[in-house]
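A.B. asks: Have a peek at query.pdb (PDB, C-alpha atoms, pLDDT in the B column).
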```pdb
ATOM      1  CA  MET A   1      -3.073 -24.389  10.532  1.00 50.00           C
ATOM      2  CA  ARG A   2      -4.528 -22.112   7.850  1.00 54.00           C
ATOM      3  CA  ARG A   3      -5.448 -19.464  10.420  1.00 53.00           C
ATOM      4  CA  ARG A   4      -1.936 -19.625  11.862  1.00 54.00           C
ATOM      5  CA  ASP A   5      -0.406 -19.091   8.390  1.00 52.00           C
ATOM      6  CA  HIS A   6      -2.666 -16.069   7.858  1.00 48.00           C
ATOM      7  CA  ALA A   7      -1.662 -14.615  11.227  1.00 50.00           C
ATOM      8  CA  LYS A   8       2.004 -15.181  10.401  1.00 50.00           C
ATOM      9  CA  ARG A   9       1.630 -13.413   7.023  1.00 49.00           C
ATOM     10  CA  VAL A  10      -0.206 -10.521   8.674  1.00 49.00           C
ATOM     11  CA  GLY A  11       2.528 -10.246  11.280  1.00 51.00           C
ATOM     12  CA  GLN A  12       5.285 -10.334   8.693  1.00 50.00           C
ATOM     13  CA  ALA A  13       3.557  -7.713   6.548  1.00 49.00           C
ATOM     14  CA  THR A  14       3.041  -5.475   9.570  1.00 53.00           C
ATOM     15  CA  LEU A  15       6.672  -5.754  10.618  1.00 50.00           C
ATOM     16  CA  LEU A  16       7.873  -5.100   7.087  1.00 48.00           C
ATOM     17  CA  ALA A  17       5.694  -2.014   6.695  1.00 51.00           C
ATOM     18  CA  LEU A  18       6.835  -0.651  10.031  1.00 52.00           C
ATOM     19  CA  ALA A  19      10.483  -1.341   9.356  1.00 49.00           C
ATOM     20  CA  LEU A  20      10.399   0.173   5.906  1.00 47.00           C
ATOM     21  CA  ASN A  21       7.832   2.852   6.645  1.00 48.00           C
ATOM     22  CA  ALA A  22       6.863   2.165   3.052  1.00 45.00           C
ATOM     23  CA  GLY A  23       4.826   4.801   1.279  1.00 46.00           C
ATOM     24  CA  ALA A  24       2.203   7.086   2.637  1.00 47.00           C
ATOM     25  CA  ALA A  25      -0.271   5.587   5.018  1.00 50.00           C
ATOM     26  CA  GLN A  26      -3.687   5.319   3.396  1.00 60.00           C
ATOM     27  CA  ALA A  27      -6.113   4.890   6.198  1.00 69.00           C
ATOM     28  CA  GLY A  28      -9.779   4.064   6.210  1.00 90.00           C
ATOM     29  CA  PRO A  29     -12.001   4.706   9.220  1.00 94.00           C
ATOM     30  CA  TYR A  30     -11.141   1.399  10.898  1.00 95.00           C
ATOM     31  CA  SER A  31      -7.396   1.687  10.399  1.00 95.00           C
ATOM     32  CA  ASP A  32      -7.681   5.280  11.677  1.00 95.00           C
ATOM     33  CA  ASP A  33      -9.273   3.911  14.848  1.00 97.00           C
ATOM     34  CA  LEU A  34      -6.574   1.255  15.122  1.00 97.00           C
ATOM     35  CA  ALA A  35      -3.770   3.775  14.625  1.00 96.00           C
ATOM     36  CA  LYS A  36      -5.264   6.060  17.256  1.00 97.00           C
ATOM     37  CA  CYS A  37      -5.472   3.158  19.698  1.00 98.00           C
ATOM     38  CA  LEU A  38      -1.900   2.048  18.962  1.00 98.00           C
ATOM     39  CA  VAL A  39      -0.544   5.540  19.554  1.00 97.00           C
ATOM     40  CA  GLU A  40      -2.622   6.141  22.674  1.00 98.00           C
ATOM     41  CA  SER A  41      -1.798   2.698  24.104  1.00 98.00           C
ATOM     42  CA  THR A  42       1.969   3.105  23.886  1.00 97.00           C
ATOM     43  CA  THR A  43       4.048   4.968  26.410  1.00 96.00           C
ATOM     44  CA  THR A  44       7.015   7.165  25.586  1.00 94.00           C
ATOM     45  CA  THR A  45       9.184   4.255  26.717  1.00 95.00           C
ATOM     46  CA  ASP A  46       7.362   1.938  24.271  1.00 96.00           C
ATOM     47  CA  LYS A  47       7.821   4.415  21.419  1.00 95.00           C
ATOM     48  CA  ASN A  48      11.505   4.855  22.237  1.00 93.00           C
ATOM     49  CA  ALA A  49      11.953   1.079  22.261  1.00 94.00           C
ATOM     50  CA  LEU A  50      10.210   0.880  18.886  1.00 95.00           C
ATOM     51  CA  VAL A  51      12.545   3.486  17.379  1.00 93.00           C
ATOM     52  CA  LYS A  52      15.514   1.693  18.933  1.00 94.00           C
ATOM     53  CA  TRP A  53      14.399  -1.537  17.239  1.00 95.00           C
ATOM     54  CA  MET A  54      13.963   0.239  13.884  1.00 94.00           C
ATOM     55  CA  PHE A  55      17.465   1.722  14.256  1.00 93.00           C
ATOM     56  CA  ALA A  56      18.991  -1.609  15.272  1.00 94.00           C
ATOM     57  CA  THR A  57      17.373  -3.290  12.279  1.00 94.00           C
ATOM     58  CA  ALA A  58      18.351  -0.533   9.838  1.00 93.00           C
ATOM     59  CA  ALA A  59      21.929  -0.798  11.141  1.00 94.00           C
ATOM     60  CA  LEU A  60      22.163  -4.151   9.360  1.00 94.00           C
ATOM     61  CA  HIS A  61      22.233  -2.341   6.014  1.00 94.00           C
ATOM     62  CA  PRO A  62      25.721  -2.280   4.488  1.00 94.00           C
ATOM     63  CA  ALA A  63      25.522   1.490   3.915  1.00 95.00           C
ATOM     64  CA  VAL A  64      25.362   2.224   7.651  1.00 92.00           C
ATOM     65  CA  LYS A  65      26.704  -0.918   9.264  1.00 91.00           C
ATOM     66  CA  SER A  66      30.189   0.569   9.686  1.00 92.00           C
ATOM     67  CA  ILE A  67      28.926   3.517  11.785  1.00 93.00           C
ATOM     68  CA  ALA A  68      26.570   1.554  14.040  1.00 91.00           C
ATOM     69  CA  SER A  69      27.834  -0.583  16.880  1.00 91.00           C
ATOM     70  CA  ILE A  70      24.955  -2.836  17.866  1.00 93.00           C
ATOM     71  CA  THR A  71      25.676  -6.327  19.070  1.00 93.00           C
ATOM     72  CA  ASP A  72      23.621  -9.308  17.985  1.00 94.00           C
ATOM     73  CA  ALA A  73      22.494  -9.693  21.601  1.00 96.00           C
ATOM     74  CA  GLU A  74      21.298  -6.068  21.760  1.00 95.00           C
ATOM     75  CA  ARG A  75      19.429  -6.466  18.468  1.00 95.00           C
ATOM     76  CA  ALA A  76      17.840  -9.729  19.630  1.00 96.00           C
ATOM     77  CA  LYS A  77      16.723  -8.138  22.901  1.00 96.00           C
ATOM     78  CA  SER A  78      15.236  -5.175  21.050  1.00 96.00           C
ATOM     79  CA  THR A  79      13.493  -7.456  18.549  1.00 96.00           C
ATOM     80  CA  ARG A  80      12.020  -9.580  21.345  1.00 96.00           C
ATOM     81  CA  SER A  81      10.678  -6.582  23.272  1.00 95.00           C
ATOM     82  CA  THR A  82       9.185  -5.073  20.106  1.00 96.00           C
ATOM     83  CA  ALA A  83       7.505  -8.373  19.258  1.00 96.00           C
ATOM     84  CA  GLU A  84       6.064  -8.490  22.780  1.00 96.00           C
ATOM     85  CA  LEU A  85       4.765  -4.936  22.372  1.00 97.00           C
ATOM     86  CA  PHE A  86       3.110  -5.806  19.035  1.00 96.00           C
ATOM     87  CA  VAL A  87       1.454  -8.873  20.533  1.00 96.00           C
ATOM     88  CA  LYS A  88       0.204  -6.895  23.539  1.00 97.00           C
ATOM     89  CA  LEU A  89      -1.174  -4.127  21.332  1.00 97.00           C
ATOM     90  CA  LEU A  90      -2.942  -6.493  18.923  1.00 97.00           C
ATOM     91  CA  THR A  91      -4.258  -9.005  21.454  1.00 96.00           C
ATOM     92  CA  GLU A  92      -5.010  -6.797  24.462  1.00 97.00           C
ATOM     93  CA  SER A  93      -4.814  -3.010  24.199  1.00 97.00           C
ATOM     94  CA  CYS A  94      -6.246  -2.616  20.687  1.00 97.00           C
ATOM     95  CA  ARG A  95      -7.791  -6.012  20.047  1.00 98.00           C
ATOM     96  CA  ALA A  96     -11.275  -4.764  19.112  1.00 97.00           C
ATOM     97  CA  GLN A  97      -9.899  -2.070  16.800  1.00 97.00           C
ATOM     98  CA  ALA A  98      -7.531  -4.548  15.150  1.00 96.00           C
ATOM     99  CA  GLN A  99     -10.344  -7.054  14.588  1.00 97.00           C
ATOM    100  CA  GLN A 100     -12.592  -4.418  13.025  1.00 97.00           C
ATOM    101  CA  ALA A 101      -9.793  -3.002  10.878  1.00 96.00           C
ATOM    102  CA  VAL A 102      -8.854  -6.415   9.473  1.00 95.00           C
ATOM    103  CA  LYS A 103     -12.489  -7.398   9.002  1.00 95.00           C
ATOM    104  CA  TYR A 104     -13.446  -4.302   7.008  1.00 95.00           C
ATOM    105  CA  GLU A 105     -10.167  -3.114   5.486  1.00 94.00           C
ATOM    106  CA  GLY A 106      -7.933  -6.194   5.349  1.00 93.00           C
ATOM    107  CA  ALA A 107      -4.430  -6.841   6.633  1.00 91.00           C
ATOM    108  CA  THR A 108      -3.141  -3.592   5.147  1.00 93.00           C
ATOM    109  CA  ALA A 109      -5.043  -1.814   7.926  1.00 95.00           C
ATOM    110  CA  LEU A 110      -2.547  -3.312  10.371  1.00 95.00           C
ATOM    111  CA  GLN A 111       0.319  -2.078   8.236  1.00 94.00           C
ATOM    112  CA  THR A 112      -1.196   1.398   8.166  1.00 94.00           C
ATOM    113  CA  GLY A 113      -1.782   1.447  11.904  1.00 95.00           C
ATOM    114  CA  PHE A 114       1.757   0.399  12.749  1.00 95.00           C
ATOM    115  CA  GLN A 115       3.169   2.751  10.119  1.00 94.00           C
ATOM    116  CA  ILE A 116       1.482   5.651  11.856  1.00 95.00           C
ATOM    117  CA  LEU A 117       2.721   4.445  15.236  1.00 96.00           C
ATOM    118  CA  GLY A 118       6.259   4.304  13.804  1.00 94.00           C
ATOM    119  CA  GLN A 119       5.906   7.826  12.405  1.00 95.00           C
ATOM    120  CA  VAL A 120       4.698   9.187  15.743  1.00 95.00           C
ATOM    121  CA  ALA A 121       7.539   7.428  17.567  1.00 94.00           C
ATOM    122  CA  ALA A 122      10.108   8.829  15.124  1.00 92.00           C
ATOM    123  CA  ARG A 123       8.612  12.331  15.381  1.00 93.00           C
ATOM    124  CA  GLU A 124       8.988  12.193  19.167  1.00 91.00           C
ATOM    125  CA  LEU A 125      12.604  11.057  18.761  1.00 90.00           C
ATOM    126  CA  PHE A 126      13.410  13.938  16.409  1.00 89.00           C
ATOM    127  CA  ALA A 127      11.750  16.408  18.795  1.00 90.00           C
ATOM    128  CA  ASP A 128      14.444  15.705  21.383  1.00 91.00           C
ATOM    129  CA  PRO A 129      16.609  18.851  21.762  1.00 93.00           C
ATOM    130  CA  ASN A 130      19.864  16.931  21.197  1.00 94.00           C
ATOM    131  CA  VAL A 131      18.565  15.356  17.993  1.00 91.00           C
ATOM    132  CA  ALA A 132      17.119  18.683  16.807  1.00 90.00           C
ATOM    133  CA  GLN A 133      20.507  20.325  17.391  1.00 93.00           C
ATOM    134  CA  GLY A 134      22.203  17.576  15.408  1.00 92.00           C
ATOM    135  CA  LEU A 135      19.768  18.095  12.544  1.00 89.00           C
ATOM    136  CA  ALA A 136      20.343  21.853  12.648  1.00 90.00           C
ATOM    137  CA  GLU A 137      24.064  21.281  12.079  1.00 93.00           C
ATOM    138  CA  LEU A 138      23.218  20.365   8.499  1.00 90.00           C
ATOM    139  CA  GLU A 139      22.454  24.013   7.768  1.00 90.00           C
ATOM    140  CA  GLN A 140      26.088  25.040   8.090  1.00 91.00           C
ATOM    141  CA  TYR A 141      26.940  22.907   5.063  1.00 93.00           C
ATOM    142  CA  ILE A 142      24.021  23.858   2.826  1.00 92.00           C
ATOM    143  CA  ASP A 143      24.591  26.438   0.102  1.00 93.00           C
ATOM    144  CA  SER A 144      21.233  28.210   0.405  1.00 91.00           C
ATOM    145  CA  ARG A 145      22.025  30.699  -2.347  1.00 92.00           C
ATOM    146  CA  LYS A 146      22.735  27.917  -4.811  1.00 93.00           C
ATOM    147  CA  ILE A 147      19.452  26.186  -3.920  1.00 92.00           C
ATOM    148  CA  GLU A 148      17.478  29.444  -4.223  1.00 92.00           C
ATOM    149  CA  GLN A 149      18.988  30.040  -7.669  1.00 91.00           C
ATOM    150  CA  ALA A 150      18.160  26.517  -8.788  1.00 93.00           C
ATOM    151  CA  LEU A 151      14.562  26.790  -7.608  1.00 93.00           C
ATOM    152  CA  ALA A 152      13.887  30.351  -8.768  1.00 90.00           C
ATOM    153  CA  PRO A 153      11.460  30.728 -11.669  1.00 88.00           C
ATOM    154  CA  GLN A 154      13.166  30.984 -15.038  1.00 83.00           C
ATOM    155  CA  ARG A 155      12.929  34.426 -16.655  1.00 75.00           C
TER
END
```
Reformat the file's structure so that it appears as structure tokens.
C.D. replies:
Amino acid sequence: MRRRDHAKRVGQATLLALALNAGAAQAGPYSDDLAKCLVESTTTTDKNALVKWMFATAALHPAVKSIASITDAERAKSTRSTAELFVKLLTESCRAQAQQAVKYEGATALQTGFQILGQVAARELFADPNVAQGLAELEQYIDSRKIEQALAPQR
């Protein structure tokens, strides 16, 4: 039972770190190896599903809930498939790297590895031409001159 509780805590911490993308990833050599394996072992489809899950989960926040239309069934399906991906990565694809990372760097190595995977997945999402165009639309509302003046060295 004790081992099961530890695995549950590790899983919860990993999910929380991925969902929050909390802080900068501080990797040691074993978590670097794990992160590399996680990234290399996931397909574009896997990464897109991961970003979809992060979006569906973030859509629960009151600040964005009104602009996101995700049903409970869609969120549950996304959560299930992401959980299956995590299990596959940790127990099959990257099992040896995960074991070494936890052994030598602790459970935070899992958090770091999945954080990096989440960052790579998000970077791929933002590289999509449609998303990049949407981001570029922000420029039309930015007062560049005002920002330049605010950041210019004081004389």
A.B. asks: Fewer than 4 positions away in the same chain doesn't count, so skip those; otherwise give me all residues within 12 Å of range 72-84 of chain A, counting only C-alpha atoms, as a ChimeraX atom specification.
C.D. replies: /A:11-12,14-15,18-19,42,45-60,68,88-92,114,118
A.B. asks: If the PyMOL selection byres ((chain A and resi 109) around 9) is run on the structure shown, which residues does it catch, given as a list in words?
C.D. replies: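 Selected by the PyMOL selection byres ((chain A and resi 109) around 9) in this file: Gln26, Ala27, Gly28, Tyr30, Ser31, Asp32, Leu34, Ala35, Ala98, Ala101, Val102, Tyr104, Glu105, Gly106, Ala107, Thr108, Leu110, Gln111, Thr112, Gly113 and Phe114 of chain A.
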A.B. asks: Using Å and a single decimal, report how far CA of Pro29 in chain A sits from CA of Leu117 in chain A.
C.D. replies: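 Here the two named atoms are 15.9 Å from each other.
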A.B. asks: What's the separation between CA of Ala121 in chain A and CA of Glu40 in chain A, in Å to one decimal place?
C.D. replies: 11.4 Å
A.B. asks: Quick check, in Å to one decimal: how far apart do CA of Gln133 in chain A and CA of Ser69 in chain A lie?
C.D. replies: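 Spanning CA of Gln133 in chain A to CA of Ser69 in chain A is a straight-line distance of 22.2 Å.
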A.B. asks: Range 33-42 of chain A, all listed atoms, 4 Å padding on each side: what axis-aligned box centre and edge lengths in Å to one decimal come out, as lines of an AutoDock Vina configuration file?
C.D. replies:
```
center_x = -3.7
center_y = 3.7
center_z = 19.4
size_x = 19.2
size_y = 12.9
size_z = 17.5
```
A.B. asks: Nearest residue to Val39 in chain A out of A:Thr71, A:Ser66, A:Gln119, A:Gln100, using all atoms listed in the file?
C.D. replies: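 Checking each of A:Thr71, A:Ser66, A:Gln119, A:Gln100 against Val39 in chain A, counting all atoms listed in the file, the winner is A:Gln119.
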A.B. asks: Taking 4 positions as the minimum chain separation for residues in the same chain, which residues sit within 8 Å of Ser41 in chain A when counting all atoms listed in the file? Answer as a PyMOL selection string.
C.D. replies: chain A and resi 37+89+93-94
